[in-house]
Amino acid sequence: MPIKVLVAKPGLDGHDRGAKIVARSLRDAGMEVVYTGLHQTPEMIVAAAIQEDVDVIGISILSGAHMTVFPKLMRLLEEGGASDIVVIGGGVVQAADIPKLKAIGVREIFDADATTQDLIDGVERIVREHGRAAARTKLLQANAAP
Amino acid sequence: MIAQRDLARAISAVENGHGSFAQAAATLPETARTAPAYVVGITGPPGAGKSTVVDRLIENFRSAGETVAVIAVDPSSPFTGGAVLGDRVRMQRHAGDRGVFIRSMASREAGGGLAPTAQEAVRLVERAGFDVVLVETVGVGQVELEVVSVADTIVVVTVPALGDGVQTIKAGLTEIADVFVVNMADRPGANRTAVDLTHMVRESGRETPVLQTIASEGQGVDALFAALQSARGGATNAARAVRFEVLRAVRDRAARSALAKLDEPAARAIFASLAAHACTRRQATDALFELFFTGG
Amino acid sequence: MNTQVDVAANESLVEAKREWEQLTLLPFAQKRPERREQFRTLGGIALERLYTPADLAEHDYLRDAGFPGQFPYARGPYPTMYRAQPWTMRQIAGFGTAVDTNARFRFLIAQGQTGISTDFDMPTLMGYDSDDERSEGEVGREGVAVDTVDDMLDLYAGIDLEQISVSMTINPTAWILLAMYLVTAEERGFDPAKLAGTIQNDIIKEYISQKEWIFPPRPAMRIVRDTIAYSARSLPRYNPVNVSGYHTREAGSTAIQEVAFTLAAGFAYVEEVLALGIPVDEFAPRLSFFFVSQIDFLEEVAKFRAARRIWARYMHERFGAGKAESMRLRFHCQTAGVSCTAREPLNNIARTAIEALAAVLGGAQSLHTNGYDEALSIPSEAAMKIALRTQQIIAEETGVGNTIDALAGSYAVESLTDEIERGCVAYFQEIEKRGGVVRAIEDNYFQMELADAAFDLHLRKERREREVVGVTKYRDDSQNPHVELHHVDEAASERQLARLAATKARRDPAAVAATLAELVRVAKSDENLMPATIEAVRARVTAGEIVNALRPVFGAYVEKPVF
């Protein structure tokens with residue numbers, strides 16, 4: 001089954017070229033990509049991710065607000081019982097902030113020079129290693145057992 | 001109401017074939033309800049403004065005190081199986097409303113056969129207690145048939161002067177439409193399109209209402225809402241079955257006619273130019289569609 | 001070139017070229033083949049191996065090139081160009097509070113900068129006040145925060161607004177910032193007739209590419225129309241709109257799309273104002289433009305020349321412009337942010353220098369050169385200084401400005417100029433067929449064209465048809481050169497919130513309510529929005545309050561995304 005990814009642009013910045021190219025590239029790699037549109041709050045992103053039951057949330061951020069957005073997002077996912085959804089990011093993130101983001105559970109940050117193949121491979125690997133598909137299947141089978 | 005997370009996961013389970021519908025439904029506790037959900041199908045050609053109509057209808061149903069689930073289906077790429085699902089962008093102002101559940105689904109047509117999961121998703125959100133289910137489809141392909149078989153009322157959305165607008169609708173949609181909407185009615189040709197549709201409806205001996213809306217500004221949506229409320233409870237399963245059969249026949253005929261033209265030089269030229277990167281997939285698809293269906 | 005002699009000469013030239021290909025080129029190329037079957041410009045134009053006079057057989061010098069300062073202005077908008085004075089060196093700046101950015105302006109002026117350009121933070125650009133919850137984390141981050149006219153007063157404090165031109169990169173809220181600028185000038189005693197400056201105010205490209213919007217396209221067009229009409233009457237030296245191709249190109253368009261979409265937007269504004277009954281020569285002279293200068297040197301030079309020629313022709317032939325000022329296209333230029341890399345950032349100095357040279361050889365009126373840290377953060381002071389020095393070196397040392405439009409007559413440049421013009425004309429016809437610019441926006445036409453071009457460019461990079469030095473080629477993973485970046489002042493946001501609170505505490509609530517009510521009334525009518533906005537701003541109404549009051553009148557725009 002296809003990997004399902006939510007591609008979201010938080011904040012007020014409208015530079016969506018990267019997000020659009022990512023969406024199109026992941027689609028061409030056979031993934032199902034839910035695009036949220038621009039100007040999303042962390043609350044909107046988490047609500048969409050839960051309703052869409054995605055494997056991955058991909059955040060595109062160039063506004064410099066990543067240290068505000070990611071912690072809030074991670075907290076809301078946890079409150080929504082959805083911290084098994086993998087979170088990754090891309091855009092302009094200063095190198096010094098990357099370890100801080102990884103420490104709160106962001107799995108990967110792709111910089112502006114990352115290629116499409118880097119991204120596709122990265123998403124597939126992260127889902128394989130940290131995704132919840134296998135766990136979910138087991139859980140459902142257990143629940144459905146008579 | 002059931003936790004949205006559990007509902008979302010039950011839909012994924014049927015979508016991904018992890019167990020049967022019954023197994024997935026069993027993960028959701030039974031909710032007390034007095035009537036089945038009212039299922040409205042919204043279909044029409046790409047670019048007609050279906051998502052905007054849905055967005056406005058959510059508002060109307062919510063104001064009437066009803067909870068609303070949306071199942072928005074977009075086509076999977078026949079080339080890769082992937083999909084971009086962007087319908088919820090138009091509905092984002094409902095993001096904070098717990099009485100609204102929006103789920104995008106890829107048609108996954110390339111996976112083989114008629115994916116039955118849109119229907120099952122509708123039954124799951126119904127079971128989860130939503131009063132109204134709006135099913136939005138892209139207006140082409142097999143999913144349409146699913147909508148017809150699952151919806152109580154079908155809204156066909158079109159726009160003025162969309163090239164072959166009325167022609168497209170002739171190809172069978174009069175059979176299934178319960179309400180016609182000419183959206184973007186501030187554009188030239190809106191009245192003419194509405195008149196054409198009205199004639200067409202009368203000729204087929206029906207009384208299907210033909211409404212005009214400017215959904216982006218909310219104009220005319222109250223009338224559409226009223227039409228939906230008055231159609232509620234009117235449709236029967238037998239009527240749905242007839243529609244289903246008719247549409248399946250239309251689809252089969254369209255597919256046969258396309259396949260018959262695949263070997264034509266014009267079609268080959270399009271594939272050759274695609275292979276040579278001389279056109280994009282979108283351009284190739286448009287060109288083939290033109291060739292197959294608009295007598296190019 | 002249409003005499004009998006020319007035709008004969010042309011034929012013999014074509015014959016000679018064929019002979020050269022057979023006798024000289026082919027045997028040579030068999031030993032040393034060319035690197036690629038086809039070469040394309042960055043914008044995707046297929047290039048010939050070499051161009052000759054035969055490629056310009058249709059070219060008529062007086063008709064298609066002419067003289068600088070004369071129709072069709074291909075050779076430049078002014079007769080003297082840089083021989084009189086160099087272009088305006090206008091480095092953009094903006095971060096933190098107005099006080100912080102004011103210090104950067106004064107630094108740049110001290111270094112010899114000749115114009116001011118202001119970058120605002122995202123909340124200001126989008127019509128949210130600093131104390132709005134949507135602004136959290138973004139106040140003063142990517143630009144300067146301006147909530148009220150008090151911020152504007154501090155932003156340009158100590159700068160003589162009658163002497164230096166001030167540009168503001170601002171779009172859906174541009175008319176509010178213009179009102180603040182006018183109140184600032186008035187409270188400091190400057191004469192509005194002497195104010196030279198620019199607001200970007202190009203809402204069309206927001207829907208196409210930059211995606212900073214508030215209202216739907218039709219009311220947004222009315223706002224632009226009102227600013228142009230107001231300026232035509234009251235601000236003789238002010239540019240009320242800076243029609244911009246920069247963002248569309250940065251979002252991945254081709255060079256032809258950049259020019260075509262931008263000029264089409266310009267025509268749409270012209271039509272909007274003409275509909276008010278204002279004659280074209282009364283407002284068209286103040287329309288100005290903004291293009292990127294990308295790394296594909298020759299294509300860019302040709303692009304600027306083509307843009308001038310097309311604008312002149314359409315303004316004259318279609319809109320009946322008679323004044324030279326209405327036909328000559330003046331543009332600001334910025335080097336390409338997307339051409340800068342995060343890896344080996346000092347390489348960006350070389351890229352920027354080449355792009356700046358293309359802008360100068362293309363006849364730009366003002367120029368911003370990017371800092372080497374462009375791909376990493378907003379620019380540090382050190383990065384901005386080198387970027388400014390790059391312009392000064394071109395102006396003072398290279399001598400390229402001492403002769404006008406030096407690349408004219410190059411077979412390659414003239415051929416590309418013609419090709420770009422043809423591509424634009426084809427777009428204008430398609431846009432017209434689709435019912436005009438606003439309709440084409442509503443139908444996502446531009447957005448789809450752009451998405452396809454951007455993806456195509458992306459694939460060309462992935463296929464390594466276009467290499468990026470230090471990233472896709474000659475990559476050196478053994479070193480990670482460190483550059484000092486702009487230091488984000490985390491406390492700036494708090495300071496801005498305090499400034500806003502102080503203004504709100506000082507102002508007269510009755511005046512706030514009354515001016516806002518009047519603005520809403522005007523918005524519902526078809527009167528010009530500017531006077532009522534000026535009154536509101538003078539009463540210290542915030543930009544966010546104005547936008548919130550008008551949202552119910554104008555509606556909110558939601559895009560239909562395309563990929």
# chains A, B, ... in the order shown; residues from 1 in each chain; ligands from 1
$ closest_atom_pairs --of "chain A" --to "chain B" --cutoff "9 Å" --atoms "only C-alpha atoms" --output "tab-separated table"
residue	atom	partner	partner_atom	distance
A:Met1	CA	B:Asn16	CA	6.1
A:Pro2	CA	B:Gly82	CA	7.3
A:Ile3	CA	B:Gly82	CA	9.0
A:Ala23	CA	B:Val84	CA	6.8
A:Arg24	CA	B:Val84	CA	7.2
A:Leu26	CA	B:Gly82	CA	7.5
A:Arg27	CA	B:Gly82	CA	4.4
A:Asp28	CA	B:Thr80	CA	5.8
A:Ala29	CA	B:Thr80	CA	6.6
A:Gly30	CA	B:Gly82	CA	3.8
A:Met31	CA	B:Gly82	CA	4.5
A:Glu32	CA	B:Ala83	CA	4.6
A:Val33	CA	B:Val84	CA	4.7
A:Val34	CA	B:Leu85	CA	4.6
A:Tyr35	CA	B:Gly86	CA	5.0
A:Thr36	CA	B:Val89	CA	5.3
A:Gly37	CA	B:Val89	CA	5.1
A:Leu38	CA	B:Val89	CA	8.2
A:Gln40	CA	B:Gln92	CA	8.7
A:Glu43	CA	B:Gly96	CA	7.7
A:Met44	CA	B:Ala95	CA	5.7
A:Ile45	CA	B:Ala95	CA	8.7
A:Ala47	CA	B:Ala95	CA	6.8
A:Ala48	CA	B:Ala95	CA	7.4
A:Ile50	CA	B:Arg5	CA	5.6
A:Gln51	CA	B:Ala8	CA	5.3
A:Glu52	CA	B:Arg103	CA	5.4
A:Asp53	CA	B:Ala8	CA	5.6
A:Gly80	CA	B:Arg5	CA	8.0
A:Gly81	CA	B:Arg5	CA	8.0
A:Ala82	CA	B:Arg5	CA	7.9
A:Arg136	CA	B:Arg9	CA	8.7
A:Thr137	CA	B:His18	CA	6.5
A:Leu140	CA	B:His18	CA	7.6
A:Gln141	CA	B:Gly19	CA	7.2
A:Asn143	CA	B:Thr27	CA	6.7
A:Ala144	CA	B:Gln23	CA	5.1
A:Ala145	CA	B:Gln23	CA	8.2
$ interface_residues --of "chain B" --to "chain C" --cutoff "12 Å" --atoms "only C-alpha atoms" --output "number ranges by chain"
B: 46-52, 55, 83-93, 159, 161-163, 184, 186-188, 216-218, 277-283
$ write_last_selection --atoms "N, CA, C and O atoms" --output "compact mmCIF listing (two decimals), in the first residue's frame"
# COMPACT_ATOMS: atom_id res chain seq x y z
N PRO B 46 -13.43 18.57 -13.50
CA PRO B 46 -12.38 19.27 -12.75
C PRO B 46 -12.48 20.78 -12.99
O PRO B 46 -12.79 21.21 -14.09
N GLY B 47 -12.27 21.55 -11.94
CA GLY B 47 -12.29 23.00 -12.09
C GLY B 47 -13.66 23.63 -11.98
O GLY B 47 -13.81 24.83 -12.12
N ALA B 48 -14.69 22.79 -11.70
CA ALA B 48 -16.04 23.35 -11.61
C ALA B 48 -16.32 23.99 -10.25
O ALA B 48 -17.33 24.66 -10.08
N GLY B 49 -15.42 23.77 -9.31
CA GLY B 49 -15.62 24.38 -7.99
C GLY B 49 -16.31 23.46 -7.00
O GLY B 49 -16.94 23.94 -6.05
N LYS B 50 -16.17 22.16 -7.16
CA LYS B 50 -16.85 21.21 -6.27
C LYS B 50 -16.41 21.37 -4.82
O LYS B 50 -17.24 21.38 -3.92
N SER B 51 -15.09 21.53 -4.62
CA SER B 51 -14.60 21.65 -3.24
C SER B 51 -15.17 22.90 -2.57
O SER B 51 -15.46 22.90 -1.38
N THR B 52 -15.31 23.95 -3.34
CA THR B 52 -15.85 25.18 -2.78
C THR B 52 -17.33 25.00 -2.44
O THR B 52 -17.80 25.49 -1.40
N ASP B 55 -17.37 23.06 0.70
CA ASP B 55 -17.01 23.93 1.82
C ASP B 55 -18.21 24.74 2.30
O ASP B 55 -18.48 24.85 3.49
N ALA B 83 -0.65 9.82 -5.77
CA ALA B 83 -1.72 10.80 -5.92
C ALA B 83 -1.39 12.03 -5.10
O ALA B 83 -0.71 11.94 -4.08
N VAL B 84 -1.85 13.17 -5.59
CA VAL B 84 -1.83 14.37 -4.75
C VAL B 84 -3.27 14.69 -4.40
O VAL B 84 -4.13 14.82 -5.28
N LEU B 85 -3.54 14.78 -3.12
CA LEU B 85 -4.90 14.98 -2.64
C LEU B 85 -4.98 16.39 -2.07
O LEU B 85 -4.44 16.67 -1.02
N GLY B 86 -5.64 17.28 -2.81
CA GLY B 86 -5.59 18.68 -2.40
C GLY B 86 -6.95 19.31 -2.10
O GLY B 86 -7.04 20.52 -1.93
N ASP B 87 -7.99 18.49 -2.02
CA ASP B 87 -9.33 19.07 -1.88
C ASP B 87 -9.54 19.77 -0.54
O ASP B 87 -10.33 20.70 -0.45
N ARG B 88 -8.83 19.31 0.49
CA ARG B 88 -9.13 19.89 1.81
C ARG B 88 -8.61 21.32 1.93
O ARG B 88 -9.02 22.03 2.86
N VAL B 89 -7.78 21.75 1.02
CA VAL B 89 -7.32 23.14 1.05
C VAL B 89 -8.50 24.10 1.07
O VAL B 89 -8.50 25.09 1.81
N ARG B 90 -9.52 23.78 0.28
CA ARG B 90 -10.66 24.69 0.19
C ARG B 90 -11.54 24.65 1.44
O ARG B 90 -12.45 25.45 1.58
N MET B 91 -11.31 23.66 2.28
CA MET B 91 -12.21 23.47 3.42
C MET B 91 -11.51 23.78 4.74
O MET B 91 -11.99 23.41 5.81
N GLN B 92 -10.35 24.44 4.65
CA GLN B 92 -9.52 24.53 5.86
C GLN B 92 -10.13 25.38 6.95
O GLN B 92 -9.74 25.26 8.10
N ARG B 93 -11.11 26.22 6.62
CA ARG B 93 -11.66 27.04 7.71
C ARG B 93 -12.46 26.20 8.69
O ARG B 93 -12.81 26.66 9.77
N VAL B 159 -19.85 24.48 -14.87
CA VAL B 159 -19.63 25.92 -14.98
C VAL B 159 -20.05 26.38 -16.37
O VAL B 159 -20.10 25.58 -17.29
N ALA B 161 -19.95 27.80 -20.04
CA ALA B 161 -19.00 27.86 -21.16
C ALA B 161 -17.72 27.11 -20.88
O ALA B 161 -16.64 27.57 -21.19
N LEU B 162 -17.84 25.95 -20.26
CA LEU B 162 -16.66 25.13 -20.04
C LEU B 162 -16.45 24.28 -21.30
O LEU B 162 -16.48 23.07 -21.27
N GLY B 163 -16.27 24.97 -22.39
CA GLY B 163 -16.07 24.27 -23.67
C GLY B 163 -17.25 23.38 -23.99
O GLY B 163 -18.32 23.84 -24.39
N MET B 184 -20.05 29.40 -10.55
CA MET B 184 -19.39 30.57 -11.16
C MET B 184 -20.38 31.29 -12.06
O MET B 184 -20.08 31.65 -13.22
N ASP B 186 -21.43 34.11 -12.18
CA ASP B 186 -21.19 35.50 -12.58
C ASP B 186 -20.42 35.56 -13.89
O ASP B 186 -20.11 36.63 -14.39
N ARG B 187 -20.12 34.39 -14.44
CA ARG B 187 -19.37 34.38 -15.70
C ARG B 187 -20.32 34.40 -16.88
O ARG B 187 -21.45 33.94 -16.79
N PRO B 188 -19.79 34.90 -18.00
CA PRO B 188 -20.64 34.94 -19.19
C PRO B 188 -21.12 33.54 -19.57
O PRO B 188 -20.38 32.57 -19.43
N SER B 216 -17.79 30.62 -4.46
CA SER B 216 -16.67 31.30 -3.81
C SER B 216 -17.16 32.48 -2.97
O SER B 216 -16.50 32.88 -2.02
N GLU B 217 -18.33 33.01 -3.29
CA GLU B 217 -18.89 34.10 -2.49
C GLU B 217 -20.08 33.64 -1.68
O GLU B 217 -20.76 34.46 -1.04
N GLY B 218 -20.41 32.37 -1.77
CA GLY B 218 -21.53 31.83 -1.01
C GLY B 218 -22.89 32.08 -1.64
O GLY B 218 -23.92 31.66 -1.10
N HIS B 277 10.05 13.43 -24.00
CA HIS B 277 9.97 14.58 -23.08
C HIS B 277 9.57 15.85 -23.81
O HIS B 277 9.90 16.95 -23.37
N ALA B 278 8.91 15.70 -24.94
CA ALA B 278 8.52 16.90 -25.69
C ALA B 278 7.21 17.47 -25.17
O ALA B 278 6.79 18.56 -25.55
N CYS B 279 6.53 16.73 -24.32
CA CYS B 279 5.33 17.28 -23.68
C CYS B 279 5.25 16.71 -22.27
O CYS B 279 5.91 15.71 -21.96
N THR B 280 4.46 17.34 -21.42
CA THR B 280 4.30 16.84 -20.07
C THR B 280 3.20 15.78 -20.06
O THR B 280 2.44 15.65 -21.02
N ARG B 281 3.12 15.07 -18.97
CA ARG B 281 2.06 14.07 -18.86
C ARG B 281 0.69 14.72 -18.94
O ARG B 281 -0.24 14.19 -19.53
N ARG B 282 0.62 15.89 -18.31
CA ARG B 282 -0.68 16.56 -18.33
C ARG B 282 -1.07 16.92 -19.75
O ARG B 282 -2.20 16.72 -20.18
N GLN B 283 -0.10 17.43 -20.51
CA GLN B 283 -0.39 17.80 -21.89
C GLN B 283 -0.76 16.56 -22.71
O GLN B 283 -1.68 16.60 -23.53
$ interface_residues --of "chain A" --to "chain C" --cutoff "10 Å" --atoms "only C-alpha atoms" --output "PyMOL selection string"
chain A and resi 11-25+35-41+62-69+91-95+111-117
$ closest_residue --among "C:Met81, C:Ala179, C:Ala358, C:Ile431" --to "C:Leu298" --atoms "only C-alpha atoms"
C:Ala358
$ atom_distance --atom1 "atom CA of C:Glu58" --atom2 "atom CA of C:Gly363"
24.1 Å
$ select_by_dssp --residues "chain A" --states "helix (DSSP H, G or I)" --output "PyMOL selection string"
chain A and resi 17-28+42-52+66-79+95-103+116-130+133-144
$ atom_distance --atom1 "atom CA of C:Ser410" --atom2 "atom CA of C:Ala260"
23.1 Å
$ residues_around --residues "B:Ala190" --least-positions-apart "6" --cutoff "10 Å" --atoms "only C-alpha atoms" --output "PyMOL selection string"
chain B and resi 158-161+182-184+196+212-213
$ write_last_selection --atoms "N, CA, C and O atoms" --output "PDB file, in the first residue's frame"
ATOM      1  N   THR B 158     -21.387  22.111 -12.573  1.00  0.00           N
ATOM      2  CA  THR B 158     -20.699  22.478 -13.805  1.00  0.00           C
ATOM      3  C   THR B 158     -20.520  23.985 -13.838  1.00  0.00           C
ATOM      4  O   THR B 158     -20.930  24.679 -12.905  1.00  0.00           O
ATOM      5  N   VAL B 159     -19.850  24.478 -14.867  1.00  0.00           N
ATOM      6  CA  VAL B 159     -19.633  25.921 -14.982  1.00  0.00           C
ATOM      7  C   VAL B 159     -20.048  26.378 -16.371  1.00  0.00           C
ATOM      8  O   VAL B 159     -20.097  25.581 -17.290  1.00  0.00           O
ATOM      9  N   PRO B 160     -20.341  27.660 -16.509  1.00  0.00           N
ATOM     10  CA  PRO B 160     -20.733  28.179 -17.817  1.00  0.00           C
ATOM     11  C   PRO B 160     -19.589  28.044 -18.814  1.00  0.00           C
ATOM     12  O   PRO B 160     -18.427  28.191 -18.450  1.00  0.00           O
ATOM     13  N   ALA B 161     -19.947  27.797 -20.045  1.00  0.00           N
ATOM     14  CA  ALA B 161     -18.999  27.861 -21.156  1.00  0.00           C
ATOM     15  C   ALA B 161     -17.719  27.106 -20.880  1.00  0.00           C
ATOM     16  O   ALA B 161     -16.643  27.570 -21.193  1.00  0.00           O
ATOM     17  N   VAL B 182     -25.050  25.213 -11.740  1.00  0.00           N
ATOM     18  CA  VAL B 182     -24.159  25.961 -12.623  1.00  0.00           C
ATOM     19  C   VAL B 182     -23.403  26.927 -11.719  1.00  0.00           C
ATOM     20  O   VAL B 182     -23.935  27.940 -11.269  1.00  0.00           O
ATOM     21  N   ASN B 183     -22.166  26.545 -11.416  1.00  0.00           N
ATOM     22  CA  ASN B 183     -21.358  27.353 -10.493  1.00  0.00           C
ATOM     23  C   ASN B 183     -20.645  28.461 -11.278  1.00  0.00           C
ATOM     24  O   ASN B 183     -20.617  28.431 -12.501  1.00  0.00           O
ATOM     25  N   MET B 184     -20.052  29.399 -10.548  1.00  0.00           N
ATOM     26  CA  MET B 184     -19.385  30.568 -11.158  1.00  0.00           C
ATOM     27  C   MET B 184     -20.380  31.292 -12.062  1.00  0.00           C
ATOM     28  O   MET B 184     -20.079  31.648 -13.220  1.00  0.00           O
ATOM     29  N   ASP B 196     -30.033  25.693 -21.185  1.00  0.00           N
ATOM     30  CA  ASP B 196     -29.761  24.454 -21.929  1.00  0.00           C
ATOM     31  C   ASP B 196     -30.017  23.230 -21.056  1.00  0.00           C
ATOM     32  O   ASP B 196     -30.626  22.247 -21.479  1.00  0.00           O
ATOM     33  N   GLN B 212     -28.179  28.095  -9.903  1.00  0.00           N
ATOM     34  CA  GLN B 212     -26.946  28.832 -10.192  1.00  0.00           C
ATOM     35  C   GLN B 212     -26.307  29.276  -8.880  1.00  0.00           C
ATOM     36  O   GLN B 212     -26.989  29.754  -7.980  1.00  0.00           O
ATOM     37  N   THR B 213     -24.988  29.101  -8.785  1.00  0.00           N
ATOM     38  CA  THR B 213     -24.286  29.531  -7.570  1.00  0.00           C
ATOM     39  C   THR B 213     -23.016  30.296  -7.943  1.00  0.00           C
ATOM     40  O   THR B 213     -22.484  30.140  -9.035  1.00  0.00           O
TER      41      THR B 213
END
$ residues_around --residues "C:Ala98" --least-positions-apart "4" --cutoff "9 Å" --atoms "only C-alpha atoms" --output "tab-separated table (two decimals) with N, CA and C atoms, in the first residue's frame"
chain	number	residue	atom	x	y	z
C	94	GLY	N	15.81	44.60	6.37
C	94	GLY	CA	14.65	44.59	7.26
C	94	GLY	C	14.74	43.44	8.23
C	102	ASN	N	16.47	50.58	11.04
C	102	ASN	CA	16.95	51.94	10.78
C	102	ASN	C	18.47	52.01	10.89
C	103	ALA	N	19.02	51.27	11.85
C	103	ALA	CA	20.49	51.27	12.02
C	103	ALA	C	21.15	50.65	10.79
C	140	GLY	N	9.34	40.24	13.25
C	140	GLY	CA	10.69	40.76	13.06
C	140	GLY	C	11.68	39.71	12.58
C	144	VAL	N	11.29	43.58	8.86
C	144	VAL	CA	11.00	44.45	9.99
C	144	VAL	C	9.49	44.44	10.28
C	145	ALA	N	9.15	44.53	11.56
C	145	ALA	CA	7.74	44.57	11.96
C	145	ALA	C	7.23	46.01	11.95
C	146	VAL	N	6.13	46.22	11.22
C	146	VAL	CA	5.51	47.54	11.23
C	146	VAL	C	4.02	47.36	11.50
C	151	ASP	N	5.79	53.00	14.05
C	151	ASP	CA	6.91	52.17	13.59
C	151	ASP	C	7.55	52.77	12.34
C	152	MET	N	6.72	53.24	11.45
C	152	MET	CA	7.23	53.82	10.20
C	152	MET	C	8.08	55.06	10.49
C	153	LEU	N	7.64	55.85	11.46
C	153	LEU	CA	8.41	57.05	11.81
C	153	LEU	C	9.82	56.68	12.28
C	154	ASP	N	9.92	55.62	13.06
C	154	ASP	CA	11.24	55.20	13.54
C	154	ASP	C	12.06	54.53	12.44
C	155	LEU	N	11.35	53.84	11.54
C	155	LEU	CA	12.03	53.10	10.48
C	155	LEU	C	12.87	54.02	9.60
C	156	TYR	N	12.33	55.19	9.29
C	156	TYR	CA	13.04	56.11	8.39
C	156	TYR	C	13.56	57.35	9.12
C	496	GLN	N	8.89	44.64	20.09
C	496	GLN	CA	7.85	45.11	19.17
C	496	GLN	C	6.49	45.08	19.85
$ atom_distance --atom1 "atom CA of C:Val241" --atom2 "atom CA of C:Glu282"
14.5 Å
$ closest_residue --among "C:Gly337, C:Pro217, C:Pro236, C:Gly266" --to "C:Ala312" --atoms "only C-alpha atoms"
C:Gly266
